file entry39.cif (mmCIF, C-alpha atoms and all ligand atoms)
data_protein
loop_
_atom_site.label_atom_id
_atom_site.label_comp_id
_atom_site.auth_asym_id
_atom_site.auth_seq_id
_atom_site.Cartn_x
_atom_site.Cartn_y
_atom_site.Cartn_z
CA MET A 1 -20.83 1.75 -43.93
CA SER A 2 -18.17 -0.86 -44.94
CA GLU A 3 -19.49 -3.99 -46.65
CA HIS A 4 -18.47 -6.01 -43.58
CA ALA A 5 -20.32 -4.53 -40.60
CA GLY A 6 -18.08 -6.58 -38.23
CA GLU A 7 -14.84 -5.14 -39.64
CA ARG A 8 -13.24 -1.70 -39.05
CA PRO A 9 -11.01 -0.68 -41.94
CA LEU A 10 -7.47 0.52 -41.03
CA GLU A 11 -7.23 4.26 -41.64
CA ALA A 12 -4.61 5.30 -44.19
CA GLY A 13 -2.71 7.30 -41.58
CA ILE A 14 -2.20 4.46 -39.09
CA ARG A 15 1.53 3.68 -38.56
CA THR A 16 2.48 0.12 -39.46
CA ASP A 17 6.21 0.41 -40.22
CA LEU A 18 7.70 0.85 -36.72
CA ARG A 19 11.20 -0.43 -37.53
CA GLN A 20 12.79 3.03 -37.16
CA THR A 21 10.65 4.39 -34.35
CA MET A 22 9.71 3.49 -30.75
CA SER A 23 6.78 1.08 -30.68
CA TYR A 24 4.32 0.30 -27.86
CA GLY A 25 6.11 -2.94 -27.13
CA ALA A 26 9.54 -1.34 -27.06
CA TYR A 27 8.37 1.54 -24.85
CA LEU A 28 6.88 -0.89 -22.30
CA ASP A 29 9.62 -3.51 -22.68
CA LEU A 30 6.77 -5.96 -23.18
CA ASP A 31 9.00 -8.80 -24.35
CA ARG A 32 10.69 -8.81 -20.91
CA LEU A 33 7.51 -8.16 -18.93
CA LEU A 34 5.42 -10.86 -20.65
CA SER A 35 8.23 -13.43 -20.42
CA SER A 36 8.65 -12.91 -16.66
CA GLN A 37 6.01 -15.40 -15.52
CA HIS A 38 7.68 -18.75 -14.68
CA PRO A 39 5.27 -21.31 -13.15
CA VAL A 40 7.14 -23.93 -11.08
CA SER A 41 4.40 -26.57 -10.75
CA ARG A 42 4.98 -29.74 -12.76
CA PRO A 43 2.89 -30.58 -14.66
CA GLU A 44 2.18 -26.84 -14.92
CA HIS A 45 -1.04 -26.00 -13.11
CA HIS A 46 -3.50 -23.83 -15.05
CA ASP A 47 -4.05 -21.49 -12.06
CA GLU A 48 -0.40 -20.80 -11.27
CA LEU A 49 -0.32 -18.07 -13.94
CA LEU A 50 -3.16 -16.32 -12.06
CA PHE A 51 -1.21 -16.62 -8.81
CA ILE A 52 1.96 -15.19 -10.36
CA ILE A 53 0.25 -12.33 -12.22
CA GLN A 54 -1.80 -11.36 -9.14
CA HIS A 55 1.48 -10.92 -7.25
CA GLN A 56 3.42 -9.25 -10.07
CA THR A 57 0.67 -6.68 -10.74
CA THR A 58 0.51 -5.98 -7.01
CA GLU A 59 4.29 -5.45 -6.88
CA LEU A 60 4.09 -3.06 -9.88
CA TRP A 61 1.42 -1.04 -8.01
CA PHE A 62 3.59 -1.15 -4.84
CA LYS A 63 6.44 0.30 -6.95
CA LEU A 64 4.21 3.22 -7.97
CA VAL A 65 2.97 3.70 -4.37
CA LEU A 66 6.58 4.06 -3.19
CA HIS A 67 7.37 6.43 -6.07
CA GLU A 68 4.39 8.61 -5.11
CA LEU A 69 4.92 8.50 -1.33
CA ARG A 70 8.56 9.55 -1.70
CA ALA A 71 7.33 12.52 -3.77
CA VAL A 72 4.61 13.28 -1.17
CA ARG A 73 7.32 13.38 1.51
CA ASP A 74 9.39 15.77 -0.66
CA HIS A 75 6.37 18.04 -1.28
CA LEU A 76 5.68 18.23 2.46
CA ASP A 77 9.35 19.01 3.13
CA ALA A 78 8.96 21.85 0.57
CA ASP A 79 5.75 23.05 2.34
CA ASP A 80 3.69 22.34 -0.81
CA PRO A 81 0.62 20.56 0.63
CA ALA A 82 -1.36 20.88 -2.61
CA ARG A 83 1.07 18.68 -4.53
CA ALA A 84 1.42 16.36 -1.52
CA ARG A 85 -2.37 15.89 -1.46
CA LYS A 86 -2.38 15.09 -5.18
CA GLY A 87 0.09 12.25 -4.54
CA LEU A 88 -1.90 10.99 -1.54
CA ALA A 89 -5.08 10.97 -3.65
CA ARG A 90 -3.33 8.85 -6.31
CA VAL A 91 -2.08 6.41 -3.64
CA LYS A 92 -5.61 6.13 -2.23
CA HIS A 93 -6.90 5.08 -5.67
CA ILE A 94 -4.06 2.58 -6.09
CA PHE A 95 -4.89 0.89 -2.77
CA ARG A 96 -8.60 0.82 -3.62
CA THR A 97 -7.68 -0.82 -6.94
CA LEU A 98 -5.44 -3.32 -5.13
CA ALA A 99 -8.18 -4.10 -2.61
CA GLU A 100 -10.67 -4.75 -5.42
CA GLN A 101 -8.13 -6.90 -7.30
CA TRP A 102 -8.47 -9.56 -4.59
CA SER A 103 -11.75 -10.57 -6.22
CA VAL A 104 -9.75 -12.09 -9.12
CA LEU A 105 -7.67 -14.32 -6.81
CA ALA A 106 -10.81 -15.27 -4.89
CA THR A 107 -11.73 -17.33 -7.98
CA LEU A 108 -8.89 -19.71 -6.96
CA THR A 109 -10.50 -22.49 -4.94
CA PRO A 110 -8.78 -24.15 -1.96
CA SER A 111 -8.57 -27.41 -3.90
CA GLU A 112 -6.97 -25.75 -6.93
CA TYR A 113 -4.46 -23.87 -4.77
CA ALA A 114 -3.62 -27.05 -2.85
CA GLU A 115 -2.69 -28.67 -6.18
CA PHE A 116 0.32 -26.33 -6.61
CA ARG A 117 0.91 -24.80 -3.17
CA GLY A 118 3.56 -27.45 -2.43
CA SER A 119 5.62 -26.14 -5.36
CA LEU A 120 6.01 -22.74 -3.64
CA GLY A 121 8.50 -24.02 -1.09
CA SER A 122 9.15 -21.44 1.64
CA SER A 123 8.47 -18.48 -0.62
CA SER A 124 5.91 -16.09 0.80
CA GLY A 125 4.59 -12.58 0.41
CA PHE A 126 6.18 -12.00 3.79
CA GLN A 127 9.37 -11.70 1.72
CA SER A 128 7.99 -8.78 -0.34
CA HIS A 129 10.50 -5.98 0.25
CA GLN A 130 8.23 -3.45 -1.46
CA TYR A 131 5.31 -4.23 0.85
CA ARG A 132 7.65 -3.79 3.79
CA ALA A 133 8.96 -0.56 2.24
CA VAL A 134 5.40 0.82 2.04
CA GLU A 135 4.92 -0.06 5.72
CA PHE A 136 8.22 1.66 6.58
CA ILE A 137 7.58 4.92 4.68
CA LEU A 138 4.15 5.12 6.35
CA GLY A 139 5.58 4.43 9.81
CA ASN A 140 5.35 0.69 10.65
CA LYS A 141 9.13 0.41 10.88
CA ASN A 142 10.74 -2.79 12.17
CA ALA A 143 14.53 -3.17 11.84
CA ALA A 144 14.19 -6.92 12.51
CA MET A 145 12.46 -7.28 9.15
CA LEU A 146 15.71 -6.52 7.30
CA LYS A 147 17.04 -9.98 8.23
CA VAL A 148 14.40 -11.56 5.97
CA PHE A 149 16.22 -9.94 3.03
CA ASP A 150 19.80 -11.08 3.75
CA SER A 151 19.60 -13.05 0.48
CA ALA A 152 18.05 -10.12 -1.41
CA PRO A 153 20.61 -7.29 -0.99
CA GLU A 154 18.91 -4.85 -3.39
CA GLY A 155 15.59 -5.07 -1.57
CA GLN A 156 17.39 -4.96 1.78
CA ALA A 157 19.13 -1.73 0.73
CA VAL A 158 15.76 -0.13 -0.11
CA LEU A 159 14.53 -1.03 3.38
CA ALA A 160 17.72 0.14 5.09
CA GLU A 161 17.41 3.55 3.42
CA LEU A 162 13.75 3.89 4.39
CA LEU A 163 14.47 2.70 7.94
CA ASP A 164 16.88 5.64 8.38
CA SER A 165 14.57 8.16 6.70
CA PRO A 166 11.67 10.21 8.08
CA THR A 167 8.22 8.84 7.26
CA VAL A 168 5.43 10.63 5.41
CA TYR A 169 3.90 11.33 8.85
CA ASP A 170 7.21 12.74 10.15
CA ALA A 171 7.32 15.05 7.11
CA PHE A 172 3.69 16.12 7.63
CA LEU A 173 4.16 16.91 11.33
CA ALA A 174 7.32 18.91 10.58
CA HIS A 175 5.30 20.78 7.94
CA LEU A 176 2.58 21.50 10.52
CA ALA A 177 5.23 22.84 12.92
CA ARG A 178 6.54 25.21 10.22
CA ARG A 179 2.95 26.37 9.72
CA GLY A 180 2.85 27.38 13.38
CA HIS A 181 1.17 24.39 15.04
CA ALA A 182 2.68 23.48 18.43
CA VAL A 183 3.95 20.05 17.39
CA PRO A 184 5.88 18.67 20.40
CA ASP A 185 9.67 18.80 20.17
CA GLU A 186 9.92 15.10 21.06
CA VAL A 187 7.94 14.35 17.90
CA LEU A 188 10.07 16.58 15.69
CA HIS A 189 13.31 15.06 16.98
CA ARG A 190 12.26 11.44 17.44
CA ASP A 191 14.46 8.50 16.37
CA VAL A 192 13.00 7.88 12.91
CA ARG A 193 14.38 4.33 12.91
CA GLN A 194 11.73 3.39 15.45
CA ALA A 195 8.16 2.38 14.66
CA TRP A 196 5.77 5.26 15.26
CA THR A 197 4.07 5.05 18.65
CA MET A 198 1.27 7.18 20.06
CA HIS A 199 2.31 10.68 21.13
CA ALA A 200 -0.58 11.72 23.39
CA ASP A 201 0.48 15.38 23.49
CA LEU A 202 0.15 15.51 19.70
CA VAL A 203 -3.61 14.87 19.97
CA PRO A 204 -4.56 18.38 21.24
CA VAL A 205 -2.49 19.89 18.40
CA LEU A 206 -4.55 17.93 15.89
CA ARG A 207 -7.72 18.65 17.89
CA ALA A 208 -7.15 22.38 17.37
CA ILE A 209 -7.15 21.73 13.61
CA TYR A 210 -10.30 19.60 13.74
CA ASP A 211 -12.06 22.12 15.97
CA ASP A 212 -11.56 24.92 13.42
CA THR A 213 -11.39 23.35 9.98
CA GLU A 214 -12.18 26.64 8.26
CA ALA A 215 -9.08 28.26 9.72
CA HIS A 216 -6.90 25.18 9.05
CA TRP A 217 -8.48 23.69 5.93
CA PRO A 218 -5.29 22.54 4.06
CA ASP A 219 -3.92 20.93 7.24
CA TYR A 220 -7.30 19.31 8.02
CA ALA A 221 -7.64 18.02 4.45
CA THR A 222 -4.18 16.44 4.56
CA CYS A 223 -5.00 14.80 7.92
CA GLU A 224 -8.07 13.27 6.29
CA ASP A 225 -6.01 12.11 3.29
CA LEU A 226 -3.68 10.27 5.66
CA VAL A 227 -6.66 8.63 7.38
CA ASP A 228 -7.94 7.59 3.94
CA ILE A 229 -4.53 6.06 3.16
CA GLU A 230 -4.51 4.04 6.41
CA ASP A 231 -8.10 2.87 5.86
CA ALA A 232 -7.33 1.80 2.27
CA PHE A 233 -4.12 -0.01 3.31
CA GLN A 234 -5.90 -1.79 6.17
CA PHE A 235 -8.63 -2.82 3.76
CA TRP A 236 -5.96 -4.42 1.57
CA ARG A 237 -4.61 -6.27 4.61
CA PHE A 238 -8.15 -7.35 5.50
CA ARG A 239 -8.95 -8.71 2.01
CA HIS A 240 -5.59 -10.53 2.00
CA LEU A 241 -6.56 -12.09 5.35
CA ARG A 242 -9.99 -13.11 4.00
CA THR A 243 -8.37 -14.57 0.86
CA VAL A 244 -5.94 -16.54 3.05
CA GLN A 245 -8.79 -17.87 5.18
CA ARG A 246 -10.80 -18.93 2.13
CA THR A 247 -7.85 -20.70 0.46
CA ILE A 248 -5.85 -22.26 3.31
CA GLY A 249 -8.05 -21.69 6.32
CA PHE A 250 -5.83 -21.54 9.41
CA THR A 251 -2.95 -23.59 7.99
CA THR A 252 0.55 -22.41 8.88
CA GLY A 253 2.12 -20.26 6.14
CA THR A 254 4.87 -21.24 3.72
CA GLY A 255 6.82 -18.31 5.18
CA GLY A 256 6.79 -20.01 8.59
CA SER A 257 4.12 -17.97 10.35
CA SER A 258 0.98 -19.26 12.02
CA GLY A 259 -0.89 -17.96 8.95
CA ALA A 260 -4.23 -16.18 9.31
CA ALA A 261 -3.79 -15.56 13.06
CA PHE A 262 -0.45 -13.84 12.39
CA LEU A 263 -1.92 -11.75 9.56
CA ARG A 264 -4.91 -10.73 11.67
CA ARG A 265 -2.57 -9.09 14.20
CA ALA A 266 -1.40 -6.64 11.49
CA LEU A 267 -4.93 -5.21 11.50
CA ASP A 268 -4.24 -3.91 15.02
CA LEU A 269 -1.28 -1.85 13.78
CA THR A 270 -1.83 1.82 13.00
CA PHE A 271 0.29 4.35 11.12
CA PHE A 272 -1.37 7.46 12.53
CA PRO A 273 -2.81 6.70 16.00
CA GLU A 274 -3.29 10.36 16.91
CA LEU A 275 -5.44 10.96 13.83
CA TYR A 276 -7.85 8.30 15.11
CA GLU A 277 -7.61 9.33 18.76
CA VAL A 278 -8.57 12.90 17.86
CA ARG A 279 -11.92 11.54 16.69
CA THR A 280 -12.60 9.95 20.03
CA GLY A 281 -12.20 13.34 21.69
CA ILE A 282 -14.52 15.01 19.19
CA GLY A 283 -17.15 12.33 19.82
CA ALA A 284 -16.84 12.74 23.61
CA SER A 285 -17.60 16.48 23.51
CA ALA A 286 -20.77 15.95 21.44
CA GLN A 287 -23.89 16.67 23.53
CA VAL A 288 -25.44 13.20 23.84
CA PRO A 289 -29.11 13.66 24.94
CA PRO A 290 -29.96 11.85 28.21
CA PRO A 291 -32.03 8.65 27.76
CA ALA A 292 -35.75 9.43 27.56
CA ALA A 293 -37.60 8.78 30.82
CA VAL A 294 -39.44 5.42 30.59
C1 LIG A 301 -3.84 -17.80 -2.21
C2 LIG A 301 -3.37 -16.60 -1.94
C3 LIG A 301 -2.51 -16.26 -0.76
C4 LIG A 301 -2.28 -16.95 0.38
C5 LIG A 301 -2.81 -18.32 0.80
C6 LIG A 301 -1.39 -16.15 1.17
C7 LIG A 301 -0.92 -16.54 2.41
C8 LIG A 301 -0.09 -15.78 3.19
C9 LIG A 301 0.36 -16.15 4.50
C10 LIG A 301 -0.03 -17.43 5.25
C11 LIG A 301 1.16 -15.15 4.94
C12 LIG A 301 1.89 -15.08 6.29
C13 LIG A 301 3.36 -15.32 6.07
C14 LIG A 301 3.62 -16.78 5.76
O1 LIG A 301 3.77 -17.57 6.73
O2 LIG A 301 3.66 -17.13 4.58
C15 LIG A 301 1.21 -14.15 3.91
C16 LIG A 301 1.92 -12.99 4.03
C17 LIG A 301 1.91 -12.02 3.04
N1 LIG A 301 1.38 -12.14 1.77
FE1 LIG A 301 0.15 -13.55 1.14
N2 LIG A 301 -1.10 -14.99 0.52
C18 LIG A 301 -1.75 -15.02 -0.67
C19 LIG A 301 -1.72 -14.08 -1.65
C20 LIG A 301 -0.96 -12.95 -1.62
C21 LIG A 301 -0.87 -11.98 -2.68
C22 LIG A 301 -1.60 -12.04 -4.00
C23 LIG A 301 -0.02 -11.02 -2.27
C24 LIG A 301 0.36 -9.82 -3.06
C25 LIG A 301 1.58 -9.32 -3.08
C26 LIG A 301 0.43 -11.37 -0.94
C27 LIG A 301 1.30 -10.65 -0.18
C28 LIG A 301 1.63 -10.96 1.12
C29 LIG A 301 2.36 -10.07 2.01
C30 LIG A 301 2.84 -8.67 1.67
C31 LIG A 301 2.54 -10.73 3.20
C32 LIG A 301 3.19 -10.18 4.48
C33 LIG A 301 2.02 -9.61 5.32
C34 LIG A 301 2.42 -9.17 6.71
O3 LIG A 301 3.62 -9.07 7.01
O4 LIG A 301 1.49 -8.90 7.53
N3 LIG A 301 -0.15 -12.56 -0.58
N4 LIG A 301 0.44 -14.55 2.86
N1 LIG A 302 2.39 -17.83 2.23
C1 LIG A 302 1.45 -18.48 1.31
C2 LIG A 302 2.11 -18.78 0.00
C3 LIG A 302 1.86 -17.65 -0.82
O1 LIG A 302 0.74 -17.14 -0.82
C4 LIG A 302 2.89 -17.06 -1.64
C5 LIG A 302 3.87 -17.90 -2.14
C6 LIG A 302 4.80 -17.34 -3.00
C7 LIG A 302 4.76 -16.00 -3.30
C8 LIG A 302 3.80 -15.19 -2.74
C9 LIG A 302 2.84 -15.71 -1.91
N2 LIG A 302 1.85 -14.90 -1.40
C10 LIG A 302 1.73 -14.60 -0.09
O2 LIG A 302 2.33 -15.03 0.82
C11 LIG A 302 0.90 -19.79 1.84
O3 LIG A 302 1.19 -20.10 3.01
O4 LIG A 302 0.17 -20.47 1.10
#
call {"tool": "encode", "arguments": {"input": "entry39.cif", "output": "structure tokens", "more": "lines below"}}
Ligand code: HEM
Ligand SMILES: N[C@@H](CC(=O)c1ccccc1NC=O)C(=O)O
result
Amino acid sequence: MSEHAGERPLEAGIRTDLRQTMSYGAYLDLDRLLSSQHPVSRPEHHDELLFIIQHQTTELWFKLVLHELRAVRDHLDADDPARARKGLARVKHIFRTLAEQWSVLATLTPSEYAEFRGSLGSSSGFQSHQYRAVEFILGNKNAAMLKVFDSAPEGQAVLAELLDSPTVYDAFLAHLARRGHAVPDEVLHRDVRQAWTMHADLVPVLRAIYDDTEAHWPDYATCEDLVDIEDAFQFWRFRHLRTVQRTIGFTTGTGGSSGAAFLRRALDLTFFPELYEVRTGIGASAQVPPPAAV
């Protein structure tokens, strides 16, 4: 035991001269990362750093989500569902982490936020091209959104590329067709620039998978992964809505929307309507016992 119980001696082998080798800070470009927070409130408000870091950490996670979902789409195109499912599982955990992260921002009171909200001008998360890119690659496409990024050409280019590309769901359904499922031709040859809308004749194809999970386990498991992804993404939207309501109530947004009411409508959107509809059918066929005679 060292003579100072509260001190841990440096081991002889620990590297301290990092002048000629890559250090932690150099590898992570920490100088740039940790000097990228620029509060605009004057005098600087204590809580603006929280506000900035909450957004920047979210955008870093969005960057990883896009990296993983592009790879998921490639794995499905290559008919490698095992690797696709590994990427979907990682994205699920990222969205659960993001949903939990809202608890940090919830420590910002309405009064504190009101003290620097005016400094934000018309900037808004509505102008997050990565959030929009996640919606696009999962299927909530909307070409009108690209106009928001006329002054951000790099972000706009990311969205334009994703607008023209198949979604993760498109890739999955094409994969199911190659595995012999009777995915309708109109689905396989749809205009991928359009937002996904319900294809009723896809439901029985998915129903056949859910009715015999043993025979179709990998396909069933990937369906459930996609449902997990939608649930986790919606939960993020819901906690954002609740954070908005607790900090600005029903005030109009800096981005020009009606605020909470506008955000609430996103909760009605769905990436994979058929994967939810198939459940309704399963529930309907269950033998519900008649009400007991009174
Ligand atoms: C005090 C905290 C926050 C408030 C009051 C707030 C408020 C709003 C409001 C009112 C909107 C609607 C657009 C507008 O008119 O501005 C919006 C959109 C959005 N915000 Fe926030 N927000 C907060 C935190 C965050 C954080 C931390 C993120 C993380 C990136 C974020 C991301 C977004 C996104 C992606 C949208 C677009 C959502 C959609 O299109 O449905 N917001 N926010
Ligand atoms: N739209 C928010 C402002 C806001 O939250 C915000 C401002 C700058 C950057 C990101 C933001 N987050 C979400 O919109 C509001 O109306 O208070």
call {"tool": "closest_atom_pairs", "arguments": {"input": "entry39.cif", "of": "chain A", "to": "ligand LIG 302 (chain A)", "cutoff": "10 Å", "atoms": "all atoms listed in the file", "output": "tab-separated table"}}
result
residue	atom	partner	partner_atom	distance
A:Phe51	CA	A:LIG302	C8	8.0
A:Ile52	CA	A:LIG302	C7	7.6
A:Gln54	CA	A:LIG302	N2	9.3
A:His55	CA	A:LIG302	C8	6.6
A:Gln56	CA	A:LIG302	C8	9.4
A:Tyr113	CA	A:LIG302	O4	8.2
A:Ala114	CA	A:LIG302	O4	8.6
A:Phe116	CA	A:LIG302	O4	9.7
A:Arg117	CA	A:LIG302	O4	6.1
A:Gly118	CA	A:LIG302	O4	8.5
A:Ser119	CA	A:LIG302	C5	9.0
A:Leu120	CA	A:LIG302	C5	5.5
A:Gly121	CA	A:LIG302	C5	7.7
A:Ser122	CA	A:LIG302	C5	7.4
A:Ser123	CA	A:LIG302	C6	4.5
A:Ser124	CA	A:LIG302	O2	3.7
A:Gly125	CA	A:LIG302	O2	3.4
A:Phe126	CA	A:LIG302	O2	5.7
A:Gln127	CA	A:LIG302	O2	7.8
A:Ser128	CA	A:LIG302	C8	8.0
A:His240	CA	A:LIG302	C10	8.6
A:Thr243	CA	A:LIG302	O1	9.6
A:Val244	CA	A:LIG302	O4	7.5
A:Thr247	CA	A:LIG302	O4	8.0
A:Ile248	CA	A:LIG302	O4	6.7
A:Gly249	CA	A:LIG302	O4	9.8
A:Phe250	CA	A:LIG302	O3	9.6
A:Thr251	CA	A:LIG302	O3	7.4
A:Thr252	CA	A:LIG302	O3	6.3
A:Gly253	CA	A:LIG302	O3	3.3
A:Thr254	CA	A:LIG302	O3	3.9
A:Gly255	CA	A:LIG302	N1	5.3
A:Gly256	CA	A:LIG302	O3	7.9
A:Ser257	CA	A:LIG302	O3	8.2
A:Ser258	CA	A:LIG302	O3	9.1
A:Gly259	CA	A:LIG302	O3	6.6
A:Ala260	CA	A:LIG302	O3	9.2
call {"tool": "axis_aligned_box", "arguments": {"input": "entry39.cif", "around": "range 34-52 of chain A", "padding_each_side": "4 Å", "output": "AutoDock Vina command-line options"}}
result
--center_x 2.3 --center_y -20.7 --center_z -14.7 --size_x 20.7 --size_y 27.7 --size_z 19.8
call {"tool": "atom_distance", "arguments": {"input": "entry39.cif", "atom1": "atom O3 of ligand LIG 301 (chain A)", "atom2": "CA of Leu263 in chain A"}}
result
6.7 Å
call {"tool": "closest_residue", "arguments": {"input": "entry39.cif", "among": "A:Pro218, A:Gly139, A:Pro110, A:Pro290", "to": "ligand LIG 301 (chain A)", "atoms": "all atoms listed in the file"}}
result
A:Pro110
call {"tool": "closest_residue", "arguments": {"input": "entry39.cif", "among": "A:Pro81, A:Gly13, A:Pro43, A:Gly281", "to": "Pro204 in chain A", "atoms": "all atoms listed in the file"}}
result
A:Gly281
call {"tool": "residues_around", "arguments": {"input": "entry39.cif", "residues": "Leu202 in chain A", "least_positions_apart": "4", "cutoff": "12 Å", "atoms": "only C-alpha atoms", "output": "list in words"}}
result
Leu173, Leu176, Ala177, His181, Ala182, Val183, Pro184, Asp185, Glu186, Val187, Leu188, Thr197, Met198, Leu206, Arg207, Ala208, Ile209, Phe272, Pro273, Glu274, Leu275, Tyr276, Glu277 and Val278 of chain A
call {"tool": "write_last_selection", "arguments": {"input": "entry39.cif", "atoms": "C-alpha atoms", "output": "CSV table (one decimal), in the frame of the given file"}}
result
chain,number,residue,atom,x,y,z
A,173,LEU,CA,4.2,16.9,11.3
A,176,LEU,CA,2.6,21.5,10.5
A,177,ALA,CA,5.2,22.8,12.9
A,181,HIS,CA,1.2,24.4,15.0
A,182,ALA,CA,2.7,23.5,18.4
A,183,VAL,CA,4.0,20.0,17.4
A,184,PRO,CA,5.9,18.7,20.4
A,185,ASP,CA,9.7,18.8,20.2
A,186,GLU,CA,9.9,15.1,21.1
A,187,VAL,CA,7.9,14.4,17.9
A,188,LEU,CA,10.1,16.6,15.7
A,197,THR,CA,4.1,5.0,18.6
A,198,MET,CA,1.3,7.2,20.1
A,206,LEU,CA,-4.6,17.9,15.9
A,207,ARG,CA,-7.7,18.6,17.9
A,208,ALA,CA,-7.2,22.4,17.4
A,209,ILE,CA,-7.2,21.7,13.6
A,272,PHE,CA,-1.4,7.5,12.5
A,273,PRO,CA,-2.8,6.7,16.0
A,274,GLU,CA,-3.3,10.4,16.9
A,275,LEU,CA,-5.4,11.0,13.8
A,276,TYR,CA,-7.8,8.3,15.1
A,277,GLU,CA,-7.6,9.3,18.8
A,278,VAL,CA,-8.6,12.9,17.9
call {"tool": "residues_around", "arguments": {"input": "entry39.cif", "residues": "Ala82 in chain A", "least_positions_apart": "4", "cutoff": "9 Å", "atoms": "all atoms listed in the file", "output": "ChimeraX atom specification"}}
result
/A:75,86-87,218,222
call {"tool": "closest_residue", "arguments": {"input": "entry39.cif", "among": "A:Val168, A:Ala160, A:Met145, A:Ala78", "to": "ligand LIG 301 (chain A)", "atoms": "all atoms listed in the file"}}
result
A:Met145
call {"tool": "closest_residue", "arguments": {"input": "entry39.cif", "among": "A:Asp29, A:Glu11, A:Glu135, A:Glu112", "to": "Ile229 in chain A", "atoms": "all atoms listed in the file"}}
result
A:Glu135
call {"tool": "closest_residue", "arguments": {"input": "entry39.cif", "among": "A:His216, A:Arg190, A:Arg85, A:Lys63", "to": "ligand LIG 301 (chain A)", "atoms": "all atoms listed in the file"}}
result
A:Lys63
call {"tool": "atom_distance", "arguments": {"input": "entry39.cif", "atom1": "CA of His93 in chain A", "atom2": "CA of Ala261 in chain A"}}
result
28.0 Å
call {"tool": "atom_distance", "arguments": {"input": "entry39.cif", "atom1": "CA of Trp196 in chain A", "atom2": "CA of Leu159 in chain A"}}
result
16.0 Å
call {"tool": "residues_around", "arguments": {"input": "entry39.cif", "residues": "Leu98 in chain A", "least_positions_apart": "6", "cutoff": "8 Å", "atoms": "all atoms listed in the file", "output": "number ranges by chain"}}
result
A: 58, 61, 236
call {"tool": "closest_residue", "arguments": {"input": "entry39.cif", "among": "A:Pro289, A:Ala89, A:Leu28, A:Asp201", "to": "Val227 in chain A", "atoms": "only C-alpha atoms"}}
result
A:Ala89
call {"tool": "build_atoms", "arguments": {"input": "entry39.cif", "residues": "range 27-31 of chain A", "atoms": "all heavy atoms", "output": "PDB file, keeping the file's coordinate frame"}}
result
ATOM      1  N   TYR A  27       8.515   0.565 -25.935  1.00  0.00           N
ATOM      2  CA  TYR A  27       8.370   1.540 -24.850  1.00  0.00           C
ATOM      3  C   TYR A  27       8.077   0.844 -23.514  1.00  0.00           C
ATOM      4  O   TYR A  27       8.623   1.200 -22.476  1.00  0.00           O
ATOM      5  CB  TYR A  27       7.248   2.520 -25.175  1.00  0.00           C
ATOM      6  CG  TYR A  27       6.928   3.487 -24.064  1.00  0.00           C
ATOM      7  CD1 TYR A  27       7.873   4.423 -23.638  1.00  0.00           C
ATOM      8  CD2 TYR A  27       5.703   3.451 -23.407  1.00  0.00           C
ATOM      9  CE1 TYR A  27       7.590   5.304 -22.608  1.00  0.00           C
ATOM     10  CE2 TYR A  27       5.410   4.322 -22.385  1.00  0.00           C
ATOM     11  CZ  TYR A  27       6.363   5.247 -21.982  1.00  0.00           C
ATOM     12  OH  TYR A  27       6.074   6.105 -20.938  1.00  0.00           O
ATOM     13  N   LEU A  28       7.260  -0.199 -23.550  1.00  0.00           N
ATOM     14  CA  LEU A  28       6.880  -0.890 -22.300  1.00  0.00           C
ATOM     15  C   LEU A  28       7.745  -2.096 -22.011  1.00  0.00           C
ATOM     16  O   LEU A  28       7.527  -2.802 -21.018  1.00  0.00           O
ATOM     17  CB  LEU A  28       5.400  -1.312 -22.397  1.00  0.00           C
ATOM     18  CG  LEU A  28       4.390  -0.165 -22.547  1.00  0.00           C
ATOM     19  CD1 LEU A  28       2.983  -0.720 -22.741  1.00  0.00           C
ATOM     20  CD2 LEU A  28       4.431   0.774 -21.339  1.00  0.00           C
ATOM     21  N   ASP A  29       8.741  -2.349 -22.880  1.00  0.00           N
ATOM     22  CA  ASP A  29       9.620  -3.510 -22.680  1.00  0.00           C
ATOM     23  C   ASP A  29       8.783  -4.773 -22.509  1.00  0.00           C
ATOM     24  O   ASP A  29       9.024  -5.610 -21.630  1.00  0.00           O
ATOM     25  CB  ASP A  29      10.531  -3.292 -21.479  1.00  0.00           C
ATOM     26  CG  ASP A  29      11.773  -4.200 -21.538  1.00  0.00           C
ATOM     27  OD1 ASP A  29      11.875  -4.982 -22.516  1.00  0.00           O
ATOM     28  OD2 ASP A  29      12.586  -4.151 -20.593  1.00  0.00           O
ATOM     29  N   LEU A  30       7.761  -4.886 -23.340  1.00  0.00           N
ATOM     30  CA  LEU A  30       6.770  -5.960 -23.180  1.00  0.00           C
ATOM     31  C   LEU A  30       7.387  -7.342 -23.325  1.00  0.00           C
ATOM     32  O   LEU A  30       6.989  -8.289 -22.648  1.00  0.00           O
ATOM     33  CB  LEU A  30       5.616  -5.779 -24.175  1.00  0.00           C
ATOM     34  CG  LEU A  30       4.516  -4.792 -23.774  1.00  0.00           C
ATOM     35  CD1 LEU A  30       3.364  -4.868 -24.764  1.00  0.00           C
ATOM     36  CD2 LEU A  30       3.993  -5.062 -22.362  1.00  0.00           C
ATOM     37  N   ASP A  31       8.389  -7.469 -24.193  1.00  0.00           N
ATOM     38  CA  ASP A  31       9.000  -8.800 -24.350  1.00  0.00           C
ATOM     39  C   ASP A  31       9.499  -9.300 -22.995  1.00  0.00           C
ATOM     40  O   ASP A  31       9.262 -10.444 -22.608  1.00  0.00           O
ATOM     41  CB  ASP A  31      10.173  -8.731 -25.348  1.00  0.00           C
ATOM     42  CG  ASP A  31       9.675  -8.577 -26.791  1.00  0.00           C
ATOM     43  OD1 ASP A  31       8.446  -8.793 -26.995  1.00  0.00           O
ATOM     44  OD2 ASP A  31      10.468  -8.228 -27.672  1.00  0.00           O
TER      45      ASP A  31
END
